[in-house]
Amino acid sequence: MAIVTFRDALNQALREEMQNDDRVFLMGEEVAEYNGAYKVSRGLLDEFGPMRVVDTPIAELGFAGIGVGAAMVGLRPVIEFMTWNFALLAIDQVVNAAAKMLYMSNGQFRMPMVFRGPNGAALQLSAQHSQAWESWLAHIPGLKVVTPATPYDAKGLLKSAIRDDNPVVFLEGEMLYNTKGEVPEGEEILIPLGKAERKREGEHCSIIAHGKTVLIAIQVADALAKEGIRIDVIDLRTVRPMDVDAIAESVKKTNRAVVVEEGWEVCGIGAQVVDYIQRECFDYLDAPVLRVHQADVPMPYARNLERAAKPDAQKVTAAVRKVLYQE
Amino acid sequence: MNRALLRSMLLQRRFEERSAEAYALGKIGGFCHLYIGQEAISAGALSVLRPDDYVVTAYRDHGLALARGMTARAVMAELFGRRDGCAGGKGGSMHLFDSKLNFLGGHGIVGAHIPLAAGVAFAIKYRGGDQVCLCFFGEAAVNIGAFHEALNMAGLWKLPAVFIIENNRYGMGTAVSRAMANEDVTVRAATYNIPGESLDAQDVFAVRDAISRAVERARSNKTPTLLEMRTYRFMGHSMSDAVSGTYRTKAELEEEMRRDPIILLKTHMTGAGEIDDDAYAKLDDEIKAEVQDSWDFADASPEPELEELYANVVVE
């Protein structure tokens, strides 16, 4: 079994899908000659040439719209944002064009495209570069929103996203690019969008997470297992559509849940998860569902303040103990 | 050819006159932006295209849809919000689409569709085709970022698109002079190193000539062009504002209406012996009957099924 980084798993997905289908192209800032700001597209220019691996000017709105236009007439663009923080300049194309084209045209124009790039806080990048956008994007009907946590999932989900006939928002945790995991070679990995995965099995409490926070959930589950507390870790993998069945199945078993996310509290992904839980599992709950999320502030620069603002294992552990009435 | 141009322009005019009537009766809702006064642009420009070329425009789209060959029935039923509309009643006035005619909308955010046109042109070049994409927008859109980003990339990458400014002199109620630091929009073409031209677009022949040159440049040399079509809208920005009196005077409107593109073409054709008053009246009657038929058709078309509410949100 090959051990590869998250970034190389994404690179494999892009390479394989570009080999499979000559309608697939990659466009964005620094994706070609520079090999990608985060090296996700390393080597692709050499293999596929400048018509399929396209460096753009710094013009997010413009090249996102070019992707939409190309998708309208049958190409399958992968639009890379250097970070999702910059994608705000292009959000009109994602929300008003890509997400609505199929509906407005009554099915005449499909949007087989992917908008992808790093999402969420890294280290000390401060307020404008440290934001998790999934709740904004998941709000929009017509989009699918994917948040992989592991190299294997990153590869399998990106390949599925590229093959999907809908506009897919693909959010790559910026701190995940160097993480490593098993990705088998010579095997077609396709993970269906909209399906969660249980990353740890347990019956005492559910932790529901997505993206980078899945790693925190696993860390907490493994630590608490040593005390005999067994956690069910549900990795949503796709936050829209969300796998409500997987959430409900887990919470009905454990009767307790903690929901973790990188983003802010108000109207966050966790709020939606909690809503599903109260509807689907009302009679099964033994404790209020708790949420762990970023502090409700713009991200500060100072190391200690940034640490205090982010969700981490300590905060998640505390929440788990609270729903178990162990504090 | 001249007769086809006249027919197209007259169909657009009569169609929208009845649209205004239907709007007043509450048969059409929401926003409804009429094209009346600008028909030489749609008729002239689209008469140059091949069926496999592409057209994308903003929300003032009825005239272009008809000129591209959508039936009056399909457009009127869409305005009425009915099942037989070109988008099944889901798009409405601002979002007319027809994939078979390569008519790519109908877009409601000023300037946001200009990058889409560049993307269509990118796809043409990607596939090695020789089609072109015509992109229409009002003059107010040249002040928005999307215009600059799209034209920069179209110029940089040599994309086969023609960007057509329909300068009707008012962005809603704001005169050009109150919105543009430099009113000479062809200067902007030079910024992106592409050909630019400004012309009197009440003259359908001038439109055809300019578009022909631009389309040829796009087809043969993959060179984009920026064209300013100087025109005038005879109606308000949308159905909700007065035709004159607030941001423009009645005198100005009347002066401009003397250069009605339909009358100019008719006068030309009469002078050339291509049509006389009787033939014109006969053509006009035919078109009025066609528009009445579209009204009757739209009126009789059922509302969309309620299940349609959740259809085509995503491809399943």
# chains A, B, ... in the order shown; residues from 1 in each chain; ligands from 1

$ interface_residues --of "chain A" --to "chain B" --cutoff "10 Å" --atoms "only C-alpha atoms" --output "PyMOL selection string"
chain A and resi 22-23+25+51-52+56-77+89-90+92-93+96-97+99-112+141-144+164-167

$ closest_residue --among "B:Glu78, B:Ala43, B:Pro261, B:His62" --to "Trp295 (chain B)" --atoms "only C-alpha atoms"
B:Glu78

$ closest_atom_pairs --of "region 257-295 of chain B" --to "region 205-213 of chain B" --cutoff "12 Å" --atoms "only C-alpha atoms" --output "tab-separated table"
residue	atom	partner	partner_atom	distance
B:Pro261	CA	B:Phe205	CA	10.4
B:Ile262	CA	B:Phe205	CA	11.8
B:Leu264	CA	B:Phe205	CA	10.4
B:Leu265	CA	B:Phe205	CA	8.7
B:His268	CA	B:Phe205	CA	10.4
B:Met269	CA	B:Phe205	CA	11.7

$ write_last_selection --atoms "N, CA and C atoms" --output "PDB file, in the first residue's frame"
ATOM      1  N   PRO B 261     -35.131  52.593 -35.800  1.00  0.00           N
ATOM      2  CA  PRO B 261     -34.408  51.732 -36.757  1.00  0.00           C
ATOM      3  C   PRO B 261     -35.337  51.043 -37.758  1.00  0.00           C
ATOM      4  N   ILE B 262     -36.547  50.776 -37.346  1.00  0.00           N
ATOM      5  CA  ILE B 262     -37.483  50.119 -38.276  1.00  0.00           C
ATOM      6  C   ILE B 262     -37.890  51.090 -39.381  1.00  0.00           C
ATOM      7  N   LEU B 264     -36.178  53.647 -40.375  1.00  0.00           N
ATOM      8  CA  LEU B 264     -34.999  53.884 -41.227  1.00  0.00           C
ATOM      9  C   LEU B 264     -34.854  52.778 -42.270  1.00  0.00           C
ATOM     10  N   LEU B 265     -35.041  51.539 -41.834  1.00  0.00           N
ATOM     11  CA  LEU B 265     -34.908  50.426 -42.789  1.00  0.00           C
ATOM     12  C   LEU B 265     -36.040  50.454 -43.803  1.00  0.00           C
ATOM     13  N   HIS B 268     -35.385  53.079 -46.334  1.00  0.00           N
ATOM     14  CA  HIS B 268     -34.346  52.625 -47.266  1.00  0.00           C
ATOM     15  C   HIS B 268     -34.929  51.651 -48.299  1.00  0.00           C
ATOM     16  N   MET B 269     -35.709  50.698 -47.806  1.00  0.00           N
ATOM     17  CA  MET B 269     -36.252  49.668 -48.702  1.00  0.00           C
ATOM     18  C   MET B 269     -37.275  50.263 -49.665  1.00  0.00           C
TER      19      MET B 269
END

$ select_by_dssp --residues "region 170-309 of chain B" --states "alpha helix (DSSP H)" --output "number ranges by chain"
B: 186-191, 204-221, 250-257, 261-271, 277-300

$ closest_residue --among "A:Ala308, A:Leu290, A:Val239, A:Val95" --to "Ser135 (chain A)" --atoms "only C-alpha atoms"
A:Val239

$ residues_around --residues "region 24-36 of chain B" --least-positions-apart "6" --cutoff "7 Å" --atoms "only C-alpha atoms" --output "VMD selection string"
chain B and resid 13 16 60 63 79 to 80 93 233 to 235 237 to 239

$ residues_around --residues "Ala179 (chain B)" --least-positions-apart "6" --cutoff "12 Å" --atoms "only C-alpha atoms" --output "PDB file with N, CA, C and O atoms, in the first residue's frame"
ATOM      1  N   GLU B 139     -24.118  49.532 -21.957  1.00  0.00           N
ATOM      2  CA  GLU B 139     -22.881  50.309 -21.770  1.00  0.00           C
ATOM      3  C   GLU B 139     -22.502  50.421 -20.292  1.00  0.00           C
ATOM      4  O   GLU B 139     -21.325  50.594 -19.968  1.00  0.00           O
ATOM      5  N   ALA B 140     -23.481  50.313 -19.412  1.00  0.00           N
ATOM      6  CA  ALA B 140     -23.156  50.425 -17.989  1.00  0.00           C
ATOM      7  C   ALA B 140     -22.270  49.275 -17.530  1.00  0.00           C
ATOM      8  O   ALA B 140     -21.526  49.409 -16.565  1.00  0.00           O
ATOM      9  N   ALA B 141     -22.334  48.150 -18.241  1.00  0.00           N
ATOM     10  CA  ALA B 141     -21.547  46.976 -17.838  1.00  0.00           C
ATOM     11  C   ALA B 141     -20.056  47.179 -18.052  1.00  0.00           C
ATOM     12  O   ALA B 141     -19.251  46.434 -17.483  1.00  0.00           O
ATOM     13  N   VAL B 142     -19.666  48.153 -18.848  1.00  0.00           N
ATOM     14  CA  VAL B 142     -18.222  48.319 -19.069  1.00  0.00           C
ATOM     15  C   VAL B 142     -17.534  48.931 -17.847  1.00  0.00           C
ATOM     16  O   VAL B 142     -16.311  49.021 -17.804  1.00  0.00           O
ATOM     17  N   ASN B 143     -18.323  49.344 -16.874  1.00  0.00           N
ATOM     18  CA  ASN B 143     -17.714  49.897 -15.664  1.00  0.00           C
ATOM     19  C   ASN B 143     -17.512  48.854 -14.570  1.00  0.00           C
ATOM     20  O   ASN B 143     -16.983  49.171 -13.511  1.00  0.00           O
ATOM     21  N   ILE B 144     -17.934  47.641 -14.838  1.00  0.00           N
ATOM     22  CA  ILE B 144     -17.841  46.625 -13.791  1.00  0.00           C
ATOM     23  C   ILE B 144     -16.613  45.739 -14.029  1.00  0.00           C
ATOM     24  O   ILE B 144     -16.160  45.582 -15.169  1.00  0.00           O
ATOM     25  N   ARG B 169     -27.393  54.671 -23.707  1.00  0.00           N
ATOM     26  CA  ARG B 169     -27.105  55.958 -23.068  1.00  0.00           C
ATOM     27  C   ARG B 169     -27.523  56.079 -21.612  1.00  0.00           C
ATOM     28  O   ARG B 169     -27.151  57.040 -20.953  1.00  0.00           O
ATOM     29  N   TYR B 170     -28.260  55.095 -21.120  1.00  0.00           N
ATOM     30  CA  TYR B 170     -28.642  55.161 -19.702  1.00  0.00           C
ATOM     31  C   TYR B 170     -28.485  53.800 -19.049  1.00  0.00           C
ATOM     32  O   TYR B 170     -29.031  52.801 -19.536  1.00  0.00           O
ATOM     33  N   GLY B 171     -27.729  53.755 -17.966  1.00  0.00           N
ATOM     34  CA  GLY B 171     -27.701  52.571 -17.115  1.00  0.00           C
ATOM     35  C   GLY B 171     -28.817  52.759 -16.106  1.00  0.00           C
ATOM     36  O   GLY B 171     -28.662  53.519 -15.165  1.00  0.00           O
ATOM     37  N   MET B 172     -29.949  52.119 -16.352  1.00  0.00           N
ATOM     38  CA  MET B 172     -31.180  52.413 -15.632  1.00  0.00           C
ATOM     39  C   MET B 172     -31.454  53.917 -15.768  1.00  0.00           C
ATOM     40  O   MET B 172     -31.803  54.351 -16.859  1.00  0.00           O
ATOM     41  N   GLY B 173     -31.263  54.715 -14.726  1.00  0.00           N
ATOM     42  CA  GLY B 173     -31.538  56.151 -14.852  1.00  0.00           C
ATOM     43  C   GLY B 173     -30.286  57.015 -14.869  1.00  0.00           C
ATOM     44  O   GLY B 173     -30.379  58.236 -14.779  1.00  0.00           O
TER      45      GLY B 173
END

$ residues_around --residues "Glu47 (chain A)" --least-positions-apart "6" --cutoff "12 Å" --atoms "only C-alpha atoms" --output "list in words"
Leu14, Arg15, Glu16, Met18, Gln19, Ala32, Glu33, Asn35, Ser41 and Val53 of chain A

$ write_last_selection --atoms "N, CA and C atoms" --output "PDB file, in the first residue's frame"
ATOM      1  N   LEU A  14      -6.404  14.481 -10.350  1.00  0.00           N
ATOM      2  CA  LEU A  14      -6.427  15.374 -11.516  1.00  0.00           C
ATOM      3  C   LEU A  14      -5.800  14.696 -12.730  1.00  0.00           C
ATOM      4  N   ARG A  15      -4.641  14.088 -12.509  1.00  0.00           N
ATOM      5  CA  ARG A  15      -3.937  13.452 -13.635  1.00  0.00           C
ATOM      6  C   ARG A  15      -4.790  12.345 -14.240  1.00  0.00           C
ATOM      7  N   GLU A  16      -5.345  11.513 -13.396  1.00  0.00           N
ATOM      8  CA  GLU A  16      -6.133  10.380 -13.918  1.00  0.00           C
ATOM      9  C   GLU A  16      -7.364  10.873 -14.679  1.00  0.00           C
ATOM     10  N   MET A  18      -7.792  13.763 -16.109  1.00  0.00           N
ATOM     11  CA  MET A  18      -7.395  14.434 -17.350  1.00  0.00           C
ATOM     12  C   MET A  18      -6.965  13.418 -18.411  1.00  0.00           C
ATOM     13  N   GLN A  19      -6.393  12.320 -17.941  1.00  0.00           N
ATOM     14  CA  GLN A  19      -6.058  11.247 -18.891  1.00  0.00           C
ATOM     15  C   GLN A  19      -7.325  10.579 -19.421  1.00  0.00           C
ATOM     16  N   ALA A  32       0.098  26.265 -13.691  1.00  0.00           N
ATOM     17  CA  ALA A  32       0.875  25.629 -14.768  1.00  0.00           C
ATOM     18  C   ALA A  32       2.380  25.745 -14.517  1.00  0.00           C
ATOM     19  N   GLU A  33       2.965  26.875 -14.898  1.00  0.00           N
ATOM     20  CA  GLU A  33       4.429  26.966 -14.856  1.00  0.00           C
ATOM     21  C   GLU A  33       4.983  26.888 -13.434  1.00  0.00           C
ATOM     22  N   ASN A  35       3.590  25.204 -11.114  1.00  0.00           N
ATOM     23  CA  ASN A  35       3.180  23.883 -10.598  1.00  0.00           C
ATOM     24  C   ASN A  35       2.182  23.953  -9.444  1.00  0.00           C
ATOM     25  N   SER A  41      -0.814  20.785  -8.594  1.00  0.00           N
ATOM     26  CA  SER A  41      -0.815  20.525 -10.044  1.00  0.00           C
ATOM     27  C   SER A  41       0.584  20.208 -10.573  1.00  0.00           C
ATOM     28  N   VAL A  53      -3.800  23.045 -18.993  1.00  0.00           N
ATOM     29  CA  VAL A  53      -3.352  23.490 -17.663  1.00  0.00           C
ATOM     30  C   VAL A  53      -3.024  24.970 -17.849  1.00  0.00           C
TER      31      VAL A  53
END

$ residues_around --residues "region 185-197 of chain A" --least-positions-apart "4" --cutoff "6 Å" --atoms "only C-alpha atoms" --output "PyMOL selection string"
chain A and resi 156-157+160+234-238+241-243

$ write_last_selection --atoms "N, CA, C and O atoms" --output "tab-separated table (two decimals), in the first residue's frame"
chain	number	residue	atom	x	y	z
A	156	GLY	N	-10.47	10.04	-4.03
A	156	GLY	CA	-11.72	9.44	-4.49
A	156	GLY	C	-12.84	10.44	-4.67
A	156	GLY	O	-13.67	10.32	-5.58
A	157	LEU	N	-12.86	11.44	-3.81
A	157	LEU	CA	-13.92	12.45	-3.91
A	157	LEU	C	-13.65	13.41	-5.05
A	157	LEU	O	-14.58	13.85	-5.75
A	160	SER	N	-14.63	11.78	-8.28
A	160	SER	CA	-16.09	11.78	-8.43
A	160	SER	C	-16.61	13.19	-8.74
A	160	SER	O	-17.56	13.35	-9.52
A	234	ILE	N	-18.05	10.26	12.86
A	234	ILE	CA	-18.70	10.31	11.55
A	234	ILE	C	-18.05	11.45	10.75
A	234	ILE	O	-18.13	12.61	11.13
A	235	ASP	N	-17.40	11.08	9.67
A	235	ASP	CA	-16.82	12.06	8.74
A	235	ASP	C	-17.86	12.32	7.64
A	235	ASP	O	-18.15	11.44	6.84
A	236	LEU	N	-18.38	13.53	7.63
A	236	LEU	CA	-19.44	13.82	6.66
A	236	LEU	C	-18.94	13.71	5.21
A	236	LEU	O	-19.68	13.36	4.30
A	237	ARG	N	-17.70	14.06	5.00
A	237	ARG	CA	-17.04	14.04	3.67
A	237	ARG	C	-17.66	15.02	2.68
A	237	ARG	O	-16.99	15.74	1.98
A	238	THR	N	-18.99	15.00	2.57
A	238	THR	CA	-19.71	15.96	1.73
A	238	THR	C	-20.69	16.68	2.64
A	238	THR	O	-21.48	16.03	3.31
A	241	PRO	N	-24.80	17.38	-0.77
A	241	PRO	CA	-25.84	16.95	0.16
A	241	PRO	C	-25.24	16.26	1.38
A	241	PRO	O	-24.19	15.64	1.28
A	242	MET	N	-25.93	16.38	2.51
A	242	MET	CA	-25.41	15.83	3.76
A	242	MET	C	-26.04	14.47	4.01
A	242	MET	O	-27.22	14.28	3.73
A	243	ASP	N	-25.24	13.56	4.53
A	243	ASP	CA	-25.69	12.18	4.75
A	243	ASP	C	-26.45	12.11	6.09
A	243	ASP	O	-25.90	11.71	7.12

$ select_by_dssp --residues "region 250-288 of chain A" --states "strand (DSSP E or B)" --output "list in words"
Ala257, Val258, Val259 and Val260 of chain A

$ write_last_selection --atoms "N, CA, C and O atoms" --output "CSV table (one decimal), in the first residue's frame"
chain,number,residue,atom,x,y,z
A,257,ALA,N,-24.0,13.6,21.1
A,257,ALA,CA,-23.3,14.0,19.9
A,257,ALA,C,-22.5,15.3,20.2
A,257,ALA,O,-23.1,16.2,20.9
A,258,VAL,N,-21.4,15.4,19.6
A,258,VAL,CA,-20.6,16.7,19.5
A,258,VAL,C,-20.3,16.9,18.1
A,258,VAL,O,-19.9,16.0,17.3
A,259,VAL,N,-20.6,18.1,17.6
A,259,VAL,CA,-20.4,18.5,16.2
A,259,VAL,C,-19.3,19.5,16.1
A,259,VAL,O,-19.3,20.5,16.8
A,260,VAL,N,-18.3,19.2,15.3
A,260,VAL,CA,-17.1,20.0,15.2
A,260,VAL,C,-16.9,20.6,13.8
A,260,VAL,O,-17.2,19.9,12.8

$ residues_around --residues "region 215-231 of chain B" --least-positions-apart "5" --cutoff "6 Å" --atoms "only C-alpha atoms" --output "PyMOL selection string"
chain B and resi 130+158-168+189+194-202

$ decode --residues "region 65-86 of chain B" --atoms "N, CA, C and O atoms" --output "CSV table (one decimal), in the first residue's frame"
chain,number,residue,atom,x,y,z
B,65,ALA,N,-33.5,36.9,-28.4
B,65,ALA,CA,-34.0,35.5,-28.5
B,65,ALA,C,-34.8,35.3,-29.7
B,65,ALA,O,-34.7,34.3,-30.5
B,66,LEU,N,-35.7,36.3,-30.0
B,66,LEU,CA,-36.5,36.2,-31.3
B,66,LEU,C,-35.6,36.2,-32.5
B,66,LEU,O,-35.8,35.5,-33.5
B,67,ALA,N,-34.7,37.1,-32.5
B,67,ALA,CA,-33.8,37.3,-33.7
B,67,ALA,C,-33.0,36.0,-33.9
B,67,ALA,O,-32.6,35.7,-35.0
B,68,ARG,N,-32.7,35.3,-32.8
B,68,ARG,CA,-31.9,34.1,-32.9
B,68,ARG,C,-32.8,32.9,-33.5
B,68,ARG,O,-32.2,31.8,-33.8
B,69,GLY,N,-34.1,33.1,-33.4
B,69,GLY,CA,-34.9,32.1,-34.0
B,69,GLY,C,-35.9,31.4,-33.0
B,69,GLY,O,-36.6,30.5,-33.3
B,70,MET,N,-35.9,31.8,-31.8
B,70,MET,CA,-36.8,31.3,-30.8
B,70,MET,C,-38.2,31.7,-31.3
B,70,MET,O,-38.4,32.8,-31.8
B,71,THR,N,-39.2,30.9,-31.1
B,71,THR,CA,-40.5,31.3,-31.6
B,71,THR,C,-41.2,32.3,-30.6
B,71,THR,O,-40.9,32.3,-29.4
B,72,ALA,N,-42.0,33.1,-31.2
B,72,ALA,CA,-42.8,34.0,-30.3
B,72,ALA,C,-43.6,33.2,-29.2
B,72,ALA,O,-43.7,33.7,-28.1
B,73,ARG,N,-44.0,32.1,-29.6
B,73,ARG,CA,-44.8,31.2,-28.7
B,73,ARG,C,-43.9,30.9,-27.5
B,73,ARG,O,-44.3,31.0,-26.3
B,74,ALA,N,-42.7,30.4,-27.7
B,74,ALA,CA,-41.8,29.9,-26.7
B,74,ALA,C,-41.4,31.0,-25.7
B,74,ALA,O,-41.3,30.9,-24.5
B,75,VAL,N,-41.2,32.2,-26.3
B,75,VAL,CA,-40.8,33.4,-25.5
B,75,VAL,C,-42.0,33.9,-24.7
B,75,VAL,O,-41.9,34.1,-23.5
B,76,MET,N,-43.1,34.0,-25.4
B,76,MET,CA,-44.3,34.6,-24.7
B,76,MET,C,-44.7,33.7,-23.5
B,76,MET,O,-45.1,34.1,-22.4
B,77,ALA,N,-44.7,32.4,-23.8
B,77,ALA,CA,-45.1,31.4,-22.8
B,77,ALA,C,-44.1,31.5,-21.6
B,77,ALA,O,-44.5,31.3,-20.4
B,78,GLU,N,-42.9,31.8,-21.9
B,78,GLU,CA,-41.9,31.9,-20.8
B,78,GLU,C,-42.2,33.2,-19.9
B,78,GLU,O,-42.2,33.2,-18.7
B,79,LEU,N,-42.6,34.3,-20.7
B,79,LEU,CA,-42.9,35.5,-20.0
B,79,LEU,C,-44.2,35.3,-19.1
B,79,LEU,O,-44.3,35.9,-18.0
B,80,PHE,N,-45.1,34.5,-19.6
B,80,PHE,CA,-46.3,34.2,-18.8
B,80,PHE,C,-46.0,33.2,-17.7
B,80,PHE,O,-46.9,33.0,-16.9
B,81,GLY,N,-44.8,32.6,-17.6
B,81,GLY,CA,-44.5,31.7,-16.6
B,81,GLY,C,-45.2,30.3,-16.8
B,81,GLY,O,-45.7,29.7,-15.8
B,82,ARG,N,-45.3,29.9,-18.0
B,82,ARG,CA,-46.0,28.7,-18.4
B,82,ARG,C,-45.1,27.5,-18.8
B,82,ARG,O,-44.0,27.7,-19.2
B,83,ARG,N,-45.7,26.4,-18.8
B,83,ARG,CA,-45.0,25.1,-19.1
B,83,ARG,C,-44.3,25.1,-20.4
B,83,ARG,O,-43.3,24.5,-20.6
B,84,ASP,N,-45.0,25.7,-21.4
B,84,ASP,CA,-44.4,25.6,-22.8
B,84,ASP,C,-43.4,26.7,-23.1
B,84,ASP,O,-43.0,26.9,-24.2
B,85,GLY,N,-43.0,27.5,-22.0
B,85,GLY,CA,-42.0,28.5,-22.2
B,85,GLY,C,-40.6,27.9,-22.5
B,85,GLY,O,-40.4,26.7,-22.2
B,86,CYS,N,-39.7,28.7,-23.0
B,86,CYS,CA,-38.4,28.1,-23.4
B,86,CYS,C,-37.6,27.6,-22.2
B,86,CYS,O,-36.7,26.8,-22.4
